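Student: Before we start, here is the structure in question, set down as structure tokens.
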Amino acid sequence: MRLDKRWWVVVVLAGLVAAFFAFDLGHYLSLETIKGRQAELEAWRAAQPLVAALLFFAGYVAVTALSLPGAAVMTLAAGAVFGLGWGTLIVSFGSTIGATLAFLTARWLLGDWVKARFGERMAAINAGVERDGGFYLFTLRLVPVFPFFMINLAMGLTAMRPRTFYWVSQLGMLAGTLVYVNAGTQLARIDSLSGIVSPGLLGSLVLLGVFPLVARKIVDAVQARKVYARWKRPARFDRNLVVIGAGSAGLVTAYIAAAVKAKVTLVEKHAMGGDCLNTGCVPSKALIRSAKFLSHVKRSQEFGVRSAQAEFDFAEVMERVQRVIRQVEPHDSVARYTSLGVDVAEGSARIVSPWEVEITLHDGSVERLTTRSIVIATGARPFVPPIPGIEQVDVLTSDNVWALRQRPDRLVVLGGGPIGSELAQTFARLGSQVTQVQRAPRILMREDADVSDLVTARFRAEGIAVLVGHKAERVEVVNGEKQLVATHEGHEVRIAFDALLVAVGRVANLKGYGLEELGVTTGRTVEVNGFLQTNLPNIYAAGDVAGPYQFTHTAAHQAWYAAVNALFDPFKKFRADYRVIPWATFVEPEVARVGLNEIEAKEKGVPYEVTTYGLDDLDRAIADGEAHGFVKVLTVPGKDRILGVTIVGEHAGDLLAEFVLAMKHGIGLNKILGTIHTYPTLAEANKYVAGNWRRTHTPQGLLAWGERFHAWRRG
């Protein structure tokens with residue numbers, strides 16, 4: 001339906017409401033008028049019962065559909081004119097049909113706008129409506145202190161199904177309808193509407209309204225008892241919380257628990273710091289930094305240096321990576337967390353009941369702890385696909401590549417995501433002949449095509465063979481030479497290699513922790529609700545093992561919710577907020593994003609405008625020899641509210657922080673434009689993209705008047 005037709009409907013509805021008040025039609029729906037004409041109405045009903053019933057019904061539907069005042073008085077009139085039985089029947093169906101029409105009208109007129117304006121928030125609300133909407137609506141309908149017309153309009157903006165809205169409304173409004181219709185049978189005795197419902201009756205209706213919620217809590221409690229039925233709950237607990245896994249999620253969870261003086265044990269079977277410190281973020285960024293330095297040496301002439309060269313030993317570069325890990329290690333060490341009040345157990349944990357964790361320490365001893373709550377933070381590991389013949393070679397992954405001390409001359413990187421792309425460029429800069437094999441039509445498929453194209457062009461300029469649309473079929477060893485056999489557009493392609501690095505995704509660590517025996521629901525990850533609870537409510541999960549994001553910073557973000565909910569439920573708990581999640585891919589040019597990009601906006605049907613600023617125009621980027629890339633901002637059409645930002649260029653991940661803050665706190669591009677940015681810095685790009693948006697939204701009519709004003713002042 002086109003927007004202009006909606007405006008016509010708005011005009012018609014507004015006209016009807018305006019006419020109602022302009023002609024004082026509400027006078028006919030006052031208690032005094034109804035009482036004064038009661039005999040006349042009863043005579044009309046006696047003479048033409050069917051016509052009277054149909055007209056009254058139609059009038060009731062119209063009043064409720066247009067959200068006009070007078071429904072309460074009409075309900076009394078129904079009792080006075082038609083009696084308790086027929087009056088209840090007419091009002092029950094009339095009010096429900098009218099309410100449903102108001103519900104559908106609100107959805108038709110405003111649904112798309114609300115979705116575009118509050119998409120992320122509405123997603124969370126709709127999830128709650130899908131789960132408990134019927135209970136809440138039933139409660140609101142039973143309690144007459146809530147304006148029914150507001151309920152109709154508000155529910156229309158959610159994803160509640162009309163059928164559900166109808167039958168719940170009909171059932172929920174029945175009690176109040178009976179009270180008012182019954183009162184209407186004694187209309188002559190009623191002096192005011194406030195006299196109909198006594199405080200005692202109103203309190204009873206409130207209690208009746210609360211009943212569905214209480215019932216739901218009782219049902220939840222009964223279900224929880226059934227879930228826990230085969231275990232005996234301890235009378236006392238050794239710990240408030242046991243956390244399994246000392247990666248980002250586990251460390252932050254344990255830290256928060258200790259900070260609020262809870263007794264917490266953190267169990268780690270391998271190395272403190274998890275993947276991020278030992279095999280992920282820290283080592284990869286250390287290696288990327290060394291490779292970037294070498295790339296600058298090769299570009300020496302760009303900086304006015306006639307020639308430059310760098311001699312390096314690959315083993316020494318990899319040893320530097322280990323030195324960086326050791327330097328960061330104290331931040332995540334046993335000693336530090338012990339000093340913070342965390343009981344750290346180095347060993348393997350197995351959950352043996354919802355309140356018991358068995359820990360096998362590295363010295364072979366076994367300890368069993370009882371605990372009120374458990375947080376599973378066991379992380380994830382690289383996925384190695386079952387490609388035929390792959391077992392013939394020693395596969396490298398992001399877990400074991402750091403053990404290399406001899407550079408592979410010919411490296412095949414299987415995968416075009418962030419990890420594969422980062423390592424492909426890094427090893428190419430370290431002197432390997434790198435071939436990147438990607439099944440999809442481009443690398444970095446989660447980013448917009450212009451981002452992928454820019455990065456791909458840079459890769460190829462640096463000598464990386466980027467083979468997109470190539471499906472890995474098998475690995476063969478022919479006359480001692482290792483080969484990856486792939487298909488591309490129906491043709492077989494053979495790629496010789498000395499080392500194969502697989503980076504096609506990660507899988508959650510689910511085995512060996514007792515989850516299956518305990519009955520914890522898992523799929524590709526541990527299944528959790530919005531509060532990060534598993535199907536056993538006192539067991540939580542956070543980080544890569546829970547998803548939906550596999551970033552160190554989102555693991556830490558989830559950890560706060562897991563810790564607080566595990567420690568303070570049922571008194572207070574919080575739903576995890578994923579509305580503003582940033583991430584970066586540390587290739588060159590660097591790629592950083594927060595919120596929607598164009599791909600996601602189109603998939604979700606979110607209207608947007610695009611504003612860009614090219615970094616080739618930025619003074620600091622030119623001075624640094626990094627004049628490439630762009631800032632791209634998606635905004636609500638006609639408004640400066642930010643839907644998402646993608647930055648491609650030098651230090652993109654750092655530049656993104658300003659937009660993350662803006663989106664988190666509802667700051668628009670106009671305020672970014674009005675903020676002083678230091679000159680000359682890369683951060684000025686954020687201001688300039690805001691300026692580009694402002695220029696395309698300049699009020700031309702106002703400027704025309706300004707031109708006339710200044711011409712007048714010149715005389």
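Just so we're on the same page: first chain in the structure tokens is A, next is B, and so on; residues restart at 1 for each chain, and ligands are numbered from 1 in the order they show up.
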As a PyMOL selection string, which residues of range 239-299 of chain A does DSSP assign to helix (DSSP H, G or I)?
Tutor: chain A and resi 248-259+274-278+281-298
Student: Where does range 553-639 of chain A meet range 224-248 of chain A within 8 Å, residue by residue, with the nearest atom pair and distance in Å to one decimal for each, counting only C-alpha atoms, listed by chain and rising number, as CSV?
Tutor:
```
residue,atom,partner,partner_atom,distance
A:His553,CA,A:Ser248,CA,7.8
A:Ala555,CA,A:Ser248,CA,6.0
A:Ala556,CA,A:Ser248,CA,5.7
A:Ala566,CA,A:Leu241,CA,7.5
A:Leu567,CA,A:Asn240,CA,7.0
```
Student: I need the residues from that last selection saved to file as a PDB file, in the first residue's frame (with C-alpha atoms), if you can.
Tutor:
```pdb
ATOM      1  CA  HIS A 553      34.530  -7.842  23.211  1.00  0.00           C
ATOM      2  CA  ALA A 555      32.180 -12.279  25.104  1.00  0.00           C
ATOM      3  CA  ALA A 556      33.130  -9.697  27.753  1.00  0.00           C
ATOM      4  CA  ALA A 566      23.600 -15.833  37.856  1.00  0.00           C
ATOM      5  CA  LEU A 567      24.263 -14.051  41.144  1.00  0.00           C
TER       6      LEU A 567
END
```
Student: Mind checking which residues fall within 12 Å of range 694-700 of chain A, counting only C-alpha atoms, ignoring those fewer than 2 positions away in the same chain, and posting them as a PyMOL selection string?
Tutor: chain A and resi 609-612+635+637-640+668-674+687-692+702-707
Student: Range 273-283 of chain A: which residues within 9 Å, counting only C-alpha atoms, same-chain residues fewer than 6 positions away excluded, as an mmCIF file with all heavy atoms, in the first residue's frame?
Tutor:
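As a result, part_33.cif now contains:
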```cif
data_model
loop_
_atom_site.group_PDB
_atom_site.id
_atom_site.type_symbol
_atom_site.label_atom_id
_atom_site.label_comp_id
_atom_site.auth_asym_id
_atom_site.auth_seq_id
_atom_site.Cartn_x
_atom_site.Cartn_y
_atom_site.Cartn_z
ATOM 1 N N GLY A 245 36.058 -22.143 32.167
ATOM 2 C CA GLY A 245 36.723 -21.516 31.033
ATOM 3 C C GLY A 245 37.233 -20.136 31.392
ATOM 4 O O GLY A 245 36.477 -19.287 31.869
ATOM 5 N N ALA A 246 38.528 -19.904 31.154
ATOM 6 C CA ALA A 246 39.144 -18.631 31.530
ATOM 7 C C ALA A 246 39.558 -17.830 30.311
ATOM 8 O O ALA A 246 40.635 -17.240 30.266
ATOM 9 C CB ALA A 246 40.345 -18.868 32.445
ATOM 10 N N GLY A 247 38.689 -17.826 29.293
ATOM 11 C CA GLY A 247 38.860 -16.886 28.200
ATOM 12 C C GLY A 247 38.214 -15.568 28.571
ATOM 13 O O GLY A 247 37.961 -15.283 29.747
ATOM 14 N N SER A 248 37.927 -14.759 27.570
ATOM 15 C CA SER A 248 37.384 -13.434 27.838
ATOM 16 C C SER A 248 36.098 -13.496 28.659
ATOM 17 O O SER A 248 35.953 -12.792 29.660
ATOM 18 C CB SER A 248 37.131 -12.710 26.511
ATOM 19 O OG SER A 248 36.548 -11.447 26.730
ATOM 20 N N GLY A 250 34.859 -15.942 30.557
ATOM 21 C CA GLY A 250 35.063 -16.509 31.887
ATOM 22 C C GLY A 250 35.797 -15.575 32.822
ATOM 23 O O GLY A 250 35.440 -15.441 34.003
ATOM 24 N N LEU A 251 36.832 -14.912 32.314
ATOM 25 C CA LEU A 251 37.599 -13.991 33.149
ATOM 26 C C LEU A 251 36.730 -12.843 33.647
ATOM 27 O O LEU A 251 36.769 -12.485 34.829
ATOM 28 C CB LEU A 251 38.795 -13.439 32.366
ATOM 29 C CG LEU A 251 39.926 -14.431 32.048
ATOM 30 C CD1 LEU A 251 40.920 -13.805 31.088
ATOM 31 C CD2 LEU A 251 40.633 -14.872 33.335
ATOM 32 N N MET A 318 58.323 -15.014 14.801
ATOM 33 C CA MET A 318 57.373 -15.825 15.556
ATOM 34 C C MET A 318 57.717 -15.847 17.048
ATOM 35 O O MET A 318 56.824 -15.943 17.894
ATOM 36 C CB MET A 318 57.332 -17.245 15.001
ATOM 37 C CG MET A 318 56.848 -17.329 13.548
ATOM 38 S SD MET A 318 55.208 -16.599 13.280
ATOM 39 C CE MET A 318 54.143 -17.867 13.955
ATOM 40 N N VAL A 321 56.225 -12.846 18.608
ATOM 41 C CA VAL A 321 54.812 -13.075 18.912
ATOM 42 C C VAL A 321 54.673 -13.680 20.305
ATOM 43 O O VAL A 321 53.828 -13.263 21.107
ATOM 44 C CB VAL A 321 54.173 -13.989 17.851
ATOM 45 C CG1 VAL A 321 52.768 -14.413 18.280
ATOM 46 C CG2 VAL A 321 54.123 -13.294 16.499
ATOM 47 N N GLN A 322 55.507 -14.662 20.613
ATOM 48 C CA GLN A 322 55.444 -15.298 21.932
ATOM 49 C C GLN A 322 55.844 -14.334 23.044
ATOM 50 O O GLN A 322 55.286 -14.382 24.153
ATOM 51 C CB GLN A 322 56.340 -16.540 21.959
ATOM 52 C CG GLN A 322 55.911 -17.635 20.988
ATOM 53 C CD GLN A 322 54.472 -18.074 21.207
ATOM 54 O OE1 GLN A 322 54.038 -18.291 22.334
ATOM 55 N NE2 GLN A 322 53.719 -18.202 20.112
ATOM 56 N N VAL A 324 55.274 -11.126 23.006
ATOM 57 C CA VAL A 324 54.107 -10.260 23.210
ATOM 58 C C VAL A 324 53.078 -10.973 24.083
ATOM 59 O O VAL A 324 52.502 -10.375 25.000
ATOM 60 C CB VAL A 324 53.494 -9.846 21.854
ATOM 61 C CG1 VAL A 324 52.155 -9.157 22.064
ATOM 62 C CG2 VAL A 324 54.448 -8.933 21.097
ATOM 63 N N ILE A 325 52.858 -12.254 23.805
ATOM 64 C CA ILE A 325 51.916 -13.026 24.620
ATOM 65 C C ILE A 325 52.358 -13.030 26.075
ATOM 66 O O ILE A 325 51.558 -12.796 26.990
ATOM 67 C CB ILE A 325 51.782 -14.469 24.088
ATOM 68 C CG1 ILE A 325 51.107 -14.476 22.711
ATOM 69 C CG2 ILE A 325 50.984 -15.338 25.061
ATOM 70 C CD1 ILE A 325 51.085 -15.832 22.038
ATOM 71 N N VAL A 328 51.674 -9.714 27.806
ATOM 72 C CA VAL A 328 50.265 -9.469 28.116
ATOM 73 C C VAL A 328 49.751 -10.454 29.169
ATOM 74 O O VAL A 328 48.811 -10.167 29.913
ATOM 75 C CB VAL A 328 49.416 -9.562 26.823
ATOM 76 C CG1 VAL A 328 47.931 -9.391 27.124
ATOM 77 C CG2 VAL A 328 49.869 -8.511 25.815
ATOM 78 N N GLU A 329 50.390 -11.601 29.247
ATOM 79 C CA GLU A 329 49.938 -12.716 30.083
ATOM 80 C C GLU A 329 49.601 -12.347 31.528
ATOM 81 O O GLU A 329 48.590 -12.830 32.070
ATOM 82 C CB GLU A 329 51.014 -13.808 30.071
ATOM 83 C CG GLU A 329 50.503 -15.197 30.285
ATOM 84 C CD GLU A 329 51.585 -16.217 29.964
ATOM 85 O OE1 GLU A 329 52.776 -15.939 30.261
ATOM 86 O OE2 GLU A 329 51.246 -17.268 29.416
ATOM 87 N N HIS A 331 48.124 -9.930 32.753
ATOM 88 C CA HIS A 331 46.783 -9.352 32.880
ATOM 89 C C HIS A 331 45.739 -10.426 33.127
ATOM 90 O O HIS A 331 44.706 -10.162 33.747
ATOM 91 C CB HIS A 331 46.414 -8.581 31.605
ATOM 92 C CG HIS A 331 47.352 -7.472 31.281
ATOM 93 N ND1 HIS A 331 47.372 -6.846 30.053
ATOM 94 C CD2 HIS A 331 48.312 -6.865 32.025
ATOM 95 C CE1 HIS A 331 48.296 -5.907 30.043
ATOM 96 N NE2 HIS A 331 48.878 -5.905 31.230
ATOM 97 N N ASP A 332 46.003 -11.639 32.627
ATOM 98 C CA ASP A 332 45.034 -12.737 32.734
ATOM 99 C C ASP A 332 45.548 -13.878 33.613
ATOM 100 O O ASP A 332 45.018 -14.987 33.549
ATOM 101 C CB ASP A 332 44.724 -13.302 31.335
ATOM 102 C CG ASP A 332 44.126 -12.269 30.397
ATOM 103 O OD1 ASP A 332 43.591 -11.267 30.892
ATOM 104 O OD2 ASP A 332 44.203 -12.468 29.164
ATOM 105 N N SER A 333 46.538 -13.615 34.412
ATOM 106 C CA SER A 333 47.235 -14.697 35.118
ATOM 107 C C SER A 333 46.473 -15.188 36.344
ATOM 108 O O SER A 333 45.581 -14.516 36.875
ATOM 109 C CB SER A 333 48.618 -14.212 35.560
ATOM 110 O OG SER A 333 48.487 -13.170 36.512
ATOM 111 N N THR A 378 33.320 -21.980 27.718
ATOM 112 C CA THR A 378 34.356 -22.889 27.225
ATOM 113 C C THR A 378 34.876 -22.535 25.835
ATOM 114 O O THR A 378 35.736 -23.230 25.296
ATOM 115 C CB THR A 378 33.816 -24.333 27.213
ATOM 116 O OG1 THR A 378 32.564 -24.371 26.506
ATOM 117 C CG2 THR A 378 33.576 -24.813 28.636
ATOM 118 N N GLY A 379 34.339 -21.479 25.213
ATOM 119 C CA GLY A 379 34.900 -20.985 23.959
ATOM 120 C C GLY A 379 34.607 -21.858 22.751
ATOM 121 O O GLY A 379 33.668 -22.657 22.734
ATOM 122 N N ALA A 380 35.451 -21.702 21.738
ATOM 123 C CA ALA A 380 35.285 -22.423 20.476
ATOM 124 C C ALA A 380 36.655 -22.774 19.919
ATOM 125 O O ALA A 380 37.692 -22.320 20.425
ATOM 126 C CB ALA A 380 34.492 -21.577 19.474
ATOM 127 N N ARG A 381 36.674 -23.576 18.856
ATOM 128 C CA ARG A 381 37.929 -23.998 18.228
ATOM 129 C C ARG A 381 37.759 -23.947 16.712
ATOM 130 O O ARG A 381 36.620 -23.943 16.210
ATOM 131 C CB ARG A 381 38.301 -25.412 18.667
ATOM 132 C CG ARG A 381 37.319 -26.464 18.202
ATOM 133 C CD ARG A 381 37.598 -27.836 18.814
ATOM 134 N NE ARG A 381 36.703 -28.857 18.270
ATOM 135 C CZ ARG A 381 35.445 -29.038 18.684
ATOM 136 N NH1 ARG A 381 34.950 -28.272 19.628
ATOM 137 N NH2 ARG A 381 34.712 -29.993 18.142
ATOM 138 N N SER A 398 44.190 -21.456 13.123
ATOM 139 C CA SER A 398 44.540 -20.320 13.986
ATOM 140 C C SER A 398 44.969 -20.776 15.371
ATOM 141 O O SER A 398 45.479 -19.975 16.154
ATOM 142 C CB SER A 398 43.340 -19.366 14.108
ATOM 143 O OG SER A 398 42.209 -20.045 14.632
ATOM 144 N N ASP A 399 44.797 -22.062 15.691
ATOM 145 C CA ASP A 399 45.281 -22.582 16.973
ATOM 146 C C ASP A 399 46.760 -22.938 16.942
ATOM 147 O O ASP A 399 47.501 -22.645 17.888
ATOM 148 C CB ASP A 399 44.477 -23.829 17.371
ATOM 149 C CG ASP A 399 43.259 -23.484 18.206
ATOM 150 O OD1 ASP A 399 42.998 -22.282 18.414
ATOM 151 O OD2 ASP A 399 42.561 -24.419 18.651
ATOM 152 N N ASN A 400 47.213 -23.585 15.854
ATOM 153 C CA ASN A 400 48.585 -24.123 15.867
ATOM 154 C C ASN A 400 49.558 -23.407 14.948
ATOM 155 O O ASN A 400 50.747 -23.737 14.925
ATOM 156 C CB ASN A 400 48.561 -25.614 15.511
ATOM 157 C CG ASN A 400 48.012 -25.878 14.117
ATOM 158 O OD1 ASN A 400 47.894 -24.973 13.282
ATOM 159 N ND2 ASN A 400 47.655 -27.127 13.839
ATOM 160 N N VAL A 401 49.095 -22.417 14.170
ATOM 161 C CA VAL A 401 49.993 -21.743 13.237
ATOM 162 C C VAL A 401 51.122 -21.018 13.969
ATOM 163 O O VAL A 401 52.198 -20.785 13.405
ATOM 164 C CB VAL A 401 49.194 -20.766 12.341
ATOM 165 C CG1 VAL A 401 48.672 -19.571 13.143
ATOM 166 C CG2 VAL A 401 50.029 -20.294 11.159
ATOM 167 N N TRP A 402 50.905 -20.701 15.255
ATOM 168 C CA TRP A 402 51.901 -19.941 16.014
ATOM 169 C C TRP A 402 53.105 -20.786 16.400
ATOM 170 O O TRP A 402 54.125 -20.236 16.834
ATOM 171 C CB TRP A 402 51.229 -19.353 17.259
ATOM 172 C CG TRP A 402 49.899 -18.768 16.904
ATOM 173 C CD1 TRP A 402 48.666 -19.244 17.219
ATOM 174 C CD2 TRP A 402 49.682 -17.629 16.072
ATOM 175 N NE1 TRP A 402 47.691 -18.477 16.655
ATOM 176 C CE2 TRP A 402 48.278 -17.474 15.947
ATOM 177 C CE3 TRP A 402 50.528 -16.725 15.420
ATOM 178 C CZ2 TRP A 402 47.704 -16.445 15.203
ATOM 179 C CZ3 TRP A 402 49.953 -15.713 14.677
ATOM 180 C CH2 TRP A 402 48.561 -15.576 14.574
ATOM 181 N N THR A 552 35.930 -11.206 21.037
ATOM 182 C CA THR A 552 36.366 -11.067 22.423
ATOM 183 C C THR A 552 35.536 -10.031 23.164
ATOM 184 O O THR A 552 35.131 -10.236 24.317
ATOM 185 C CB THR A 552 37.856 -10.670 22.460
ATOM 186 O OG1 THR A 552 38.623 -11.736 21.897
ATOM 187 C CG2 THR A 552 38.324 -10.404 23.875
#
```
Student: Leaving out Glu590 in chain A and any residue of its chain fewer than 2 positions from it, which residues lie within 9 Å of it when counting only C-alpha atoms, given as a list in words?
Tutor: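 So the residues in contact are Val455, Ala584, Thr585, Phe586, Val587, Glu588, Ala592, Gly629, Ile647, Val648, Gly649, Glu650, His651, Ala652 and Gly653 of chain A.
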